[in-house]
Structure formats: C-alpha cells, structure tokens
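Dropping run_10.cif in here (mmCIF, C-alpha atoms):
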data_query
#
loop_
_atom_site.label_atom_id
_atom_site.label_comp_id
_atom_site.auth_asym_id
_atom_site.auth_seq_id
_atom_site.Cartn_x
_atom_site.Cartn_y
_atom_site.Cartn_z
CA MET S 1 85.21 79.89 132.84
CA ALA S 2 88.11 80.73 135.14
CA LYS S 3 91.42 79.11 134.27
CA LYS S 4 92.57 76.23 136.43
CA VAL S 5 96.00 76.97 137.89
CA ALA S 6 96.39 73.89 140.09
CA TYR S 7 95.05 70.36 140.25
CA VAL S 8 94.79 67.92 143.12
CA VAL S 9 95.08 64.20 142.40
CA PHE S 10 93.45 62.53 145.40
CA VAL S 11 93.57 58.99 144.00
CA GLY S 12 96.00 58.03 141.23
CA ARG S 13 99.40 56.60 140.43
CA LYS S 14 100.94 59.54 142.26
CA THR S 15 98.92 61.98 144.29
CA GLY S 16 99.35 65.57 145.41
CA ILE S 17 99.18 69.02 143.81
CA PHE S 18 100.15 69.48 140.17
CA THR S 19 100.27 72.59 138.00
CA SER S 20 99.55 71.15 134.55
CA TRP S 21 96.81 68.97 133.13
CA ASP S 22 99.36 66.81 131.32
CA GLU S 23 100.87 65.87 134.70
CA VAL S 24 97.43 65.02 136.02
CA LYS S 25 96.52 62.85 133.02
CA ALA S 26 99.66 60.79 133.52
CA GLN S 27 98.53 59.97 137.06
CA VAL S 28 94.81 59.29 136.52
CA ASN S 29 94.25 57.96 132.98
CA GLY S 30 93.37 54.29 133.25
CA PHE S 31 93.80 54.26 137.03
CA PRO S 32 90.92 52.44 138.81
CA GLY S 33 88.86 54.73 141.06
CA GLN S 34 90.90 57.83 140.16
CA LYS S 35 89.86 61.11 141.73
CA GLN S 36 91.11 64.58 140.79
CA GLN S 37 89.90 68.17 140.85
CA GLY S 38 91.06 71.44 139.25
CA TYR S 39 91.20 74.75 141.15
CA THR S 40 91.41 78.38 140.10
CA SER S 41 93.88 79.26 142.87
CA MET S 42 96.84 77.50 144.46
CA ALA S 43 95.45 78.37 147.90
CA ASP S 44 92.24 76.44 147.20
CA ALA S 45 94.22 73.45 145.92
CA GLU S 46 96.48 73.46 148.97
CA ALA S 47 93.46 73.68 151.28
CA ALA S 48 91.76 70.76 149.52
CA TRP S 49 94.93 68.67 149.67
CA ALA S 50 95.47 69.50 153.35
CA ALA S 51 91.89 68.49 154.16
CA TRP S 52 92.29 65.23 152.24
CA THR S 53 95.61 64.25 153.82
CA SER S 54 94.50 65.11 157.32
CA GLY S 55 91.55 62.83 156.82
CA SER S 56 93.37 59.88 155.23
CA GLY S 57 96.83 60.44 156.68
CA ALA S 58 98.71 58.15 154.33
CA GLY S 59 99.15 56.95 150.78
CA ASN S 60 99.70 60.40 149.23
CA THR S 61 102.72 61.99 147.58
CA GLY S 62 104.18 65.40 148.30
CA VAL S 63 102.69 68.77 147.47
CA CYS S 64 104.33 70.45 144.48
CA SER S 65 103.61 74.01 145.55
CA ALA S 66 105.77 77.12 145.37
CA GLY S 67 107.61 78.30 148.46
CA ARG S 68 111.12 78.68 149.77
CA VAL S 69 113.97 76.30 150.38
CA ASN S 70 113.26 75.29 153.95
CA SER S 71 114.07 72.64 156.50
CA ALA S 72 112.61 71.16 159.65
CA VAL S 73 115.05 69.75 162.18
CA GLY S 74 114.08 66.26 163.30
CA ARG S 75 115.29 63.81 165.90
CA THR S 76 118.30 62.55 163.95
CA GLY S 77 118.71 64.99 161.08
CA THR S 78 117.00 67.43 158.78
CA VAL S 79 113.99 67.19 156.49
CA HIS S 80 114.64 69.31 153.41
CA LYS S 81 112.12 70.50 150.84
CA ILE S 82 113.15 72.10 147.56
CA SER S 83 110.73 74.56 146.03
CA ALA S 84 110.63 77.72 143.95
CA GLY S 85 111.09 81.21 145.34
CA SER S 86 114.65 81.28 146.68
CA LYS S 87 116.27 84.59 145.68
CA THR S 88 119.98 83.88 145.63
CA GLY S 89 122.78 84.49 143.16
CA ALA S 90 123.60 82.38 140.13
CA GLY S 91 126.01 79.56 140.87
CA SER S 92 124.90 79.10 144.49
CA VAL S 93 123.47 75.89 145.90
CA GLU S 94 120.16 77.63 146.57
CA GLU S 95 119.94 78.83 142.96
CA ALA S 96 120.59 75.33 141.69
CA LEU S 97 117.78 74.00 143.85
CA ARG S 98 115.42 76.77 142.75
CA THR S 99 115.97 76.13 139.04
CA HIS S 100 115.55 72.40 139.62
CA GLU S 101 112.14 72.95 141.18
CA LEU S 102 111.15 74.96 138.12
CA GLY S 103 111.67 71.86 136.01
CA GLU S 104 115.27 72.26 134.94
CA ASN S 105 118.02 69.68 135.42
CA ILE S 106 119.58 69.62 138.85
CA ASP S 107 123.28 70.51 138.92
CA ALA S 108 124.40 67.52 140.96
CA ASN S 109 128.06 68.52 140.77
CA LEU S 110 127.16 71.78 142.54
CA ILE S 111 124.77 70.42 145.17
CA PHE S 112 126.10 67.02 146.16
CA PRO S 113 129.48 68.22 147.50
CA HIS S 114 127.56 70.20 150.12
CA ILE S 115 125.89 67.05 151.45
CA ASP S 116 127.64 65.54 154.46
CA GLY S 117 128.09 61.82 153.89
CA PRO S 118 126.69 59.21 151.46
CA ILE S 119 123.62 59.93 149.31
CA ALA S 120 120.77 57.74 148.10
CA TYR S 121 118.05 58.37 145.52
CA THR S 122 114.92 56.22 145.88
CA ASP S 123 111.61 55.78 144.05
CA GLY S 124 108.72 53.33 143.85
CA SER S 125 106.32 51.99 141.26
CA TYR S 126 103.29 49.69 141.02
CA ASN S 127 101.85 47.40 138.36
CA SER S 128 98.09 47.03 138.86
CA MET S 129 97.93 44.07 136.46
CA LEU S 130 100.52 42.13 138.46
CA GLU S 131 99.35 43.61 141.78
CA ARG S 132 103.03 44.05 142.63
CA TYR S 133 105.04 47.01 143.89
CA ALA S 134 108.73 47.73 143.31
CA TYR S 135 111.51 50.11 144.25
CA GLY S 136 114.69 51.48 142.74
CA THR S 137 117.63 52.89 144.71
CA ILE S 138 120.98 54.44 143.78
CA ILE S 139 123.65 54.75 146.45
CA PHE S 140 126.52 57.24 146.12
CA PRO S 141 129.08 56.46 148.86
CA ASN S 142 130.98 59.66 148.03
CA PRO S 143 128.96 62.64 146.69
CA GLN S 144 132.17 64.06 145.17
CA ASP S 145 132.47 61.04 142.86
CA LEU S 146 129.21 60.36 141.04
CA THR S 147 130.84 57.63 138.93
CA ASP S 148 130.99 55.46 142.05
CA GLN S 149 127.42 54.25 142.47
CA LEU S 150 125.46 51.17 143.39
CA GLN S 151 122.03 50.47 141.90
CA ILE S 152 119.57 48.31 143.86
CA SER S 153 116.05 47.25 142.91
CA GLY S 154 113.44 44.83 144.18
CA SER S 155 109.73 44.13 144.36
CA GLY S 156 107.06 42.64 146.60
CA GLU S 157 103.44 41.58 146.80
CA VAL S 158 102.49 41.47 150.48
CA ASP S 159 98.70 41.69 150.49
CA GLU S 160 98.39 44.30 153.24
CA TYR S 161 100.93 46.56 151.49
CA LYS S 162 99.61 46.25 147.93
CA THR S 163 96.73 48.61 148.62
CA ALA S 164 99.29 51.41 148.99
CA ASN S 165 100.32 50.90 145.34
CA ASN S 166 103.56 52.73 144.50
CA VAL S 167 103.90 54.03 148.07
CA ALA S 168 104.88 50.52 149.18
CA GLY S 169 107.76 50.70 146.72
CA GLU S 170 108.74 54.17 147.92
CA VAL S 171 108.93 52.83 151.47
CA LEU S 172 110.98 49.75 150.57
CA GLY S 173 113.42 51.88 148.60
CA ALA S 174 114.06 54.16 151.57
CA VAL S 175 114.37 51.26 154.00
CA THR S 176 116.78 49.51 151.63
CA ALA S 177 118.97 52.63 151.51
CA MET S 178 119.04 52.90 155.31
CA GLU S 179 119.78 49.20 155.78
CA PHE S 180 122.56 49.28 153.19
CA ALA S 181 124.14 52.31 154.87
CA LEU S 182 124.06 50.51 158.21
CA GLU S 183 125.61 47.38 156.66
CA GLN S 184 128.48 49.56 155.39
CA GLY S 185 129.09 50.99 158.84
CA TRP S 186 128.16 54.52 157.78
CA LYS S 187 127.01 56.97 160.43
CA LYS S 188 124.67 58.94 158.17
CA ILE S 189 122.83 58.88 154.86
CA THR S 190 120.84 61.52 152.97
CA ILE S 191 117.87 60.20 151.00
CA PHE S 192 116.59 62.11 147.96
CA HIS S 193 112.95 61.21 147.34
CA ASP S 194 109.82 62.50 145.60
CA TYR S 195 107.27 61.23 148.14
CA ASN S 196 106.88 63.40 151.23
CA GLY S 197 105.52 60.57 153.36
CA LEU S 198 109.04 59.19 153.74
CA ALA S 199 109.98 62.29 155.72
CA TYR S 200 106.60 63.13 157.26
CA TRP S 201 106.04 59.66 158.74
CA ALA S 202 109.59 59.63 160.11
CA LYS S 203 110.42 63.11 161.37
CA ALA S 204 108.82 65.67 163.64
CA MET S 205 109.45 69.30 164.49
CA PRO S 206 111.02 69.68 167.97
CA GLY S 207 108.36 69.27 170.64
CA MET S 208 105.71 68.18 168.11
CA THR S 209 104.26 64.92 166.86
CA ARG S 210 105.12 63.58 163.42
CA ARG S 211 103.59 65.47 160.55
CA TRP S 212 101.72 62.42 159.22
CA GLN S 213 100.20 59.70 161.38
CA ALA S 214 100.94 56.12 160.34
CA LYS S 215 97.41 54.85 159.67
CA THR S 216 98.08 52.22 157.01
CA PRO S 217 100.02 48.93 157.31
CA ILE S 218 102.84 50.12 155.06
CA ALA S 219 103.14 53.41 156.96
CA GLN S 220 103.20 51.56 160.29
CA TYR S 221 105.87 49.19 159.00
CA TYR S 222 107.96 52.12 157.74
CA GLN S 223 107.65 54.15 160.91
CA LYS S 224 108.64 51.17 163.06
CA ARG S 225 111.61 50.29 160.82
CA TYR S 226 112.74 53.91 160.67
CA ASP S 227 112.64 54.16 164.47
CA GLU S 228 114.80 51.03 164.73
CA LEU S 229 117.35 52.09 162.13
CA SER S 230 117.57 55.73 163.19
CA GLN S 231 118.84 54.61 166.58
CA MET S 232 121.97 53.42 164.79
CA ILE S 233 122.34 55.85 161.88
CA ASP S 234 121.39 59.46 161.18
CA VAL S 235 118.98 59.86 158.26
CA ASP S 236 118.30 63.10 156.40
CA PHE S 237 115.57 63.48 153.79
CA PHE S 238 115.77 65.72 150.72
CA TRP S 239 112.57 66.18 148.72
CA VAL S 240 112.73 66.58 144.92
CA ARG S 241 109.85 66.87 142.50
CA GLY S 242 109.17 63.65 140.64
CA HIS S 243 109.09 63.55 136.84
CA SER S 244 110.87 66.92 136.66
CA ARG S 245 113.89 65.78 134.65
CA ASP S 246 115.96 65.17 137.75
CA HIS S 247 118.44 62.72 136.24
CA TYR S 248 118.86 60.38 139.19
CA ASN S 249 115.18 60.44 140.05
CA ASP S 250 114.53 59.31 136.48
CA ILE S 251 117.02 56.46 136.92
CA VAL S 252 115.54 55.10 140.15
CA ASP S 253 112.05 55.42 138.65
CA ALA S 254 113.24 53.32 135.70
CA LEU S 255 114.85 50.76 138.03
CA ALA S 256 111.56 50.31 139.87
CA LYS S 257 109.57 50.08 136.64
CA ARG S 258 111.95 47.50 135.19
CA GLU S 259 111.25 45.18 138.12
CA LEU S 260 107.59 45.28 137.03
CA GLY S 261 108.18 44.96 133.30
CA ILE S 262 107.28 48.60 132.64
CA PRO S 263 109.41 50.52 130.09
CA PRO S 264 111.15 53.69 131.37
CA GLU S 265 109.52 57.03 130.59
CA LEU S 266 112.76 58.18 128.92
CA ALA S 267 114.26 55.63 126.53
CA SER S 268 117.72 57.18 126.96
CA ILE S 269 117.72 56.23 130.66
CA GLU S 270 117.73 52.51 129.88
CA ALA S 271 121.37 52.65 128.83
CA GLU S 272 122.34 53.85 132.32
CA LEU S 273 120.71 50.96 134.17
CA MET S 274 123.02 48.23 135.41
CA PRO S 275 122.01 44.67 134.42
CA LEU S 276 119.03 43.39 136.38
CA ALA S 277 121.07 40.47 137.72
CA GLU S 278 123.40 42.98 139.39
CA THR S 279 120.76 45.25 140.91
CA HIS S 280 117.97 42.91 141.99
CA ARG S 281 117.44 42.09 145.65
CA ASP S 282 114.68 39.84 147.02
#
Would you write the structure of this file as structure tokens?
Amino acid sequence: MAKKVAYVVFVGRKTGIFTSWDEVKAQVNGFPGQKQQGYTSMADAEAAWAAWTSGSGAGNTGVCSAGRVNSAVGRTGTVHKISAGSKTGAGSVEEALRTHELGENIDANLIFPHIDGPIAYTDGSYNSMLERYAYGTIIFPNPQDLTDQLQISGSGEVDEYKTANNVAGEVLGAVTAMEFALEQGWKKITIFHDYNGLAYWAKAMPGMTRRWQAKTPIAQYYQKRYDELSQMIDVDFFWVRGHSRDHYNDIVDALAKRELGIPPELASIEAELMPLAETHRD
C-alpha cells in the first residue's frame, strides 16, 4: 500500500490539509460527523481540498501546504502566507518564517520589528457539549516591546453562528482586534491567525472578487463587519500554522479554550495567561 503523505480533514475541529496522522486524529477523534481522507501525493490532497472549499465556500481552515513566502495585495493592506521553501540566508526575516513553518519556534524578536504598526494574534475554539464558541486575542501596541501586551477573550452562543464551531470564535477574535485598534485611534493593525478564511473572506486580488464567498451566517457577518471597519483602519493578515509551537498562537488558543472550560494543550502556557477577570469581554 502506498504511503499517505497528506491528509484532508473535511469536517473536524479544524479542517484543511495536514501532513501527519497525529494531527488528523486531534481534529477528528470524537468529533460528530467527522470526515477525512489520506492521499499519496500532496497534489491530490490539494485538489481534493480545493474542490471541497469551492463547493462549501466557508467553515474551513487554511491549507498547510509547502510553497513560498508570498503575499496578495488587497484593498487596504496585504494578505501574507508563511510556508516552507524560502531560500534565504540565516538570520533573515524570510529564514525565520521558513523555519517556523517547518514546526520550529518563531523568532518574534526578529520578525515583529519589521511589522509596521500594532500586532494582534487571534484564535478560536468550540465546546460541542456547551454548544458555545470562544476567542482569544493578544494585542501588542508596539512590536518592539513584547512585554507590553493586552489579552482579551470572550465567548458566544448565537444559534446561527454555532454551526460554524470554532470558526465563529476565529471571526470574533479578528473583529475584536480590529475594533480595539479603532478604539485606540490606530491607523493600522496586523492580525496573525491560523484560519485562512479571515483573510480570504476579507481581501481580494486587484481586479478580482474575494477568494472565498461568504455563504454562511458567520462569514456574512464577518465580511460586513470587515467592510465597515476597513473603511476606518488598514488591516493586514499574516497566516501562521496552528498547533506548530508558535508561542503566541498557543497563548490565544489557550485563552479561547479557557473561556469554554477546556485545559490548554501545553500546561506551561497557563502561567502566561492573565486572570480571566482581566481578559474577559462579553
């Protein structure tokens, strides 16, 4: 039997293309109605995922495939995607991004100073027992000073959004970051996220429609809110792979989980969470 080199999770806690069975199990084990498939080539997996997303349009996380550091200029900023394959020298920003995509810790001290303006990390989670979604957000007003940060978390249970599971949390986290930036009078914010829908529902290549159509209630809400907010503030999106030992992604994931009573995946992260009374927003 040919070895599986890629897996597509069509229905699960997080969906998209994964390269290890352990990653897949974490998304589908115990998940109602889960659907996944293994493939012997990355090309076949990417084709299957593309066919699935073009048919459903929403409720799916980003593809974790190999490629180059690339960007697509949108109406008010840039959509960034980090992935393997960049051939640059050690110590460069591109090299830091490449090693991060390969599963190593991101060198935030190297990358963040090259970001223009405040930074936010966001993530979402869902508790099927509670039928409630949640988000976690970290705001860095000054990327040169990572000790200055604000942690925000919250949850919701709007019936028409709950069917999107963790995606509803992803959306609320991004909207919270944009709204906070606007409240502070900032002109721009860069959002680091692990769910491509946040960028694909919002941005479009010049002269083209948006990459993903907003077919679900949560996607339609997000697209409308993004359009409103982006008239007043520039928003850039920076994709990072989830559950790849990206330190701040781990923290916002834990913030979202805490809102739902779910322990963090890494016990050591708990010590870095601010008290719930200080982070929670209704």
- Which distance in Å separates atom CA of S:Tyr226 and atom CA of S:Ala181, to one decimal?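 Computing the Euclidean distance for atom CA of S:Tyr226 and atom CA of S:Ala181 yields 12.9 Å.
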- Message: Running the PyMOL selection byres ((chain S and resi 190) around 6) on this model by hand, what would come out? Give it as a count of residues only.
- Response: 6
- Message: List the spatial neighbours of S:Ala168 as JSON, numbers by chain - criterion: any atom at most 9 Å away, all atoms listed in the file, same-chain residues fewer than 2 positions off excluded.
- Response: {"S": [59, 124, 125, 126, 133, 134, 135, 156, 161, 162, 163, 164, 165, 166, 170, 171, 172, 173, 218, 219]}
Residues from last step as file, C-alpha atoms, as a PDB file, keeping the file's coordinate frame:
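Saved as selection_25.pdb:
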ATOM      1  CA  GLY S  59      99.150  56.950 150.780  1.00  0.00           C
ATOM      2  CA  GLY S 124     108.720  53.330 143.850  1.00  0.00           C
ATOM      3  CA  SER S 125     106.320  51.990 141.260  1.00  0.00           C
ATOM      4  CA  TYR S 126     103.290  49.690 141.020  1.00  0.00           C
ATOM      5  CA  TYR S 133     105.040  47.010 143.890  1.00  0.00           C
ATOM      6  CA  ALA S 134     108.730  47.730 143.310  1.00  0.00           C
ATOM      7  CA  TYR S 135     111.510  50.110 144.250  1.00  0.00           C
ATOM      8  CA  GLY S 156     107.060  42.640 146.600  1.00  0.00           C
ATOM      9  CA  TYR S 161     100.930  46.560 151.490  1.00  0.00           C
ATOM     10  CA  LYS S 162      99.610  46.250 147.930  1.00  0.00           C
ATOM     11  CA  THR S 163      96.730  48.610 148.620  1.00  0.00           C
ATOM     12  CA  ALA S 164      99.290  51.410 148.990  1.00  0.00           C
ATOM     13  CA  ASN S 165     100.320  50.900 145.340  1.00  0.00           C
ATOM     14  CA  ASN S 166     103.560  52.730 144.500  1.00  0.00           C
ATOM     15  CA  GLU S 170     108.740  54.170 147.920  1.00  0.00           C
ATOM     16  CA  VAL S 171     108.930  52.830 151.470  1.00  0.00           C
ATOM     17  CA  LEU S 172     110.980  49.750 150.570  1.00  0.00           C
ATOM     18  CA  GLY S 173     113.420  51.880 148.600  1.00  0.00           C
ATOM     19  CA  ILE S 218     102.840  50.120 155.060  1.00  0.00           C
ATOM     20  CA  ALA S 219     103.140  53.410 156.960  1.00  0.00           C
TER      21      ALA S 219
END
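Closest approach to S:Gln151 among S:Ser20, S:Thr137, S:Ser128, S:Gln184: S:Thr137, based on only C-alpha atoms.
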- Which value, in Å to one decimal, gives the distance between atom CA of S:Val158 and atom CA of S:Gln220?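 Separation of atom CA of S:Val158 and atom CA of S:Gln220: 14.1 Å.
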- Message: Applying the PyMOL selection byres ((chain S and resi 115) around 10) to the file I just gave you, which residues come out? Please list them as a PyMOL selection string.
- Response: chain S and resi 111-114+116-119+142-144+189-190+236
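The coordinates place atom CA of S:Ile17 at 19.9 Å from atom CA of S:Gln213.
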Excluding S:Leu255 and any residue of its chain fewer than 3 positions from it, enumerate the residues within 10 Å of it, using only C-alpha atoms, and give them as a PDB file with C-alpha atoms, in the coordinates of the input.
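Saved to around.pdb:
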ATOM      1  CA  THR S 122     114.920  56.220 145.880  1.00  0.00           C
ATOM      2  CA  ASP S 123     111.610  55.780 144.050  1.00  0.00           C
ATOM      3  CA  GLY S 124     108.720  53.330 143.850  1.00  0.00           C
ATOM      4  CA  SER S 125     106.320  51.990 141.260  1.00  0.00           C
ATOM      5  CA  ALA S 134     108.730  47.730 143.310  1.00  0.00           C
ATOM      6  CA  TYR S 135     111.510  50.110 144.250  1.00  0.00           C
ATOM      7  CA  GLY S 136     114.690  51.480 142.740  1.00  0.00           C
ATOM      8  CA  THR S 137     117.630  52.890 144.710  1.00  0.00           C
ATOM      9  CA  ILE S 138     120.980  54.440 143.780  1.00  0.00           C
ATOM     10  CA  GLN S 151     122.030  50.470 141.900  1.00  0.00           C
ATOM     11  CA  ILE S 152     119.570  48.310 143.860  1.00  0.00           C
ATOM     12  CA  SER S 153     116.050  47.250 142.910  1.00  0.00           C
ATOM     13  CA  GLY S 154     113.440  44.830 144.180  1.00  0.00           C
ATOM     14  CA  ASN S 249     115.180  60.440 140.050  1.00  0.00           C
ATOM     15  CA  ASP S 250     114.530  59.310 136.480  1.00  0.00           C
ATOM     16  CA  ILE S 251     117.020  56.460 136.920  1.00  0.00           C
ATOM     17  CA  VAL S 252     115.540  55.100 140.150  1.00  0.00           C
ATOM     18  CA  ARG S 258     111.950  47.500 135.190  1.00  0.00           C
ATOM     19  CA  GLU S 259     111.250  45.180 138.120  1.00  0.00           C
ATOM     20  CA  LEU S 260     107.590  45.280 137.030  1.00  0.00           C
ATOM     21  CA  ILE S 262     107.280  48.600 132.640  1.00  0.00           C
ATOM     22  CA  PRO S 263     109.410  50.520 130.090  1.00  0.00           C
ATOM     23  CA  PRO S 264     111.150  53.690 131.370  1.00  0.00           C
ATOM     24  CA  ILE S 269     117.720  56.230 130.660  1.00  0.00           C
ATOM     25  CA  GLU S 270     117.730  52.510 129.880  1.00  0.00           C
ATOM     26  CA  GLU S 272     122.340  53.850 132.320  1.00  0.00           C
ATOM     27  CA  LEU S 273     120.710  50.960 134.170  1.00  0.00           C
ATOM     28  CA  MET S 274     123.020  48.230 135.410  1.00  0.00           C
ATOM     29  CA  LEU S 276     119.030  43.390 136.380  1.00  0.00           C
ATOM     30  CA  THR S 279     120.760  45.250 140.910  1.00  0.00           C
ATOM     31  CA  HIS S 280     117.970  42.910 141.990  1.00  0.00           C
TER      32      HIS S 280
END
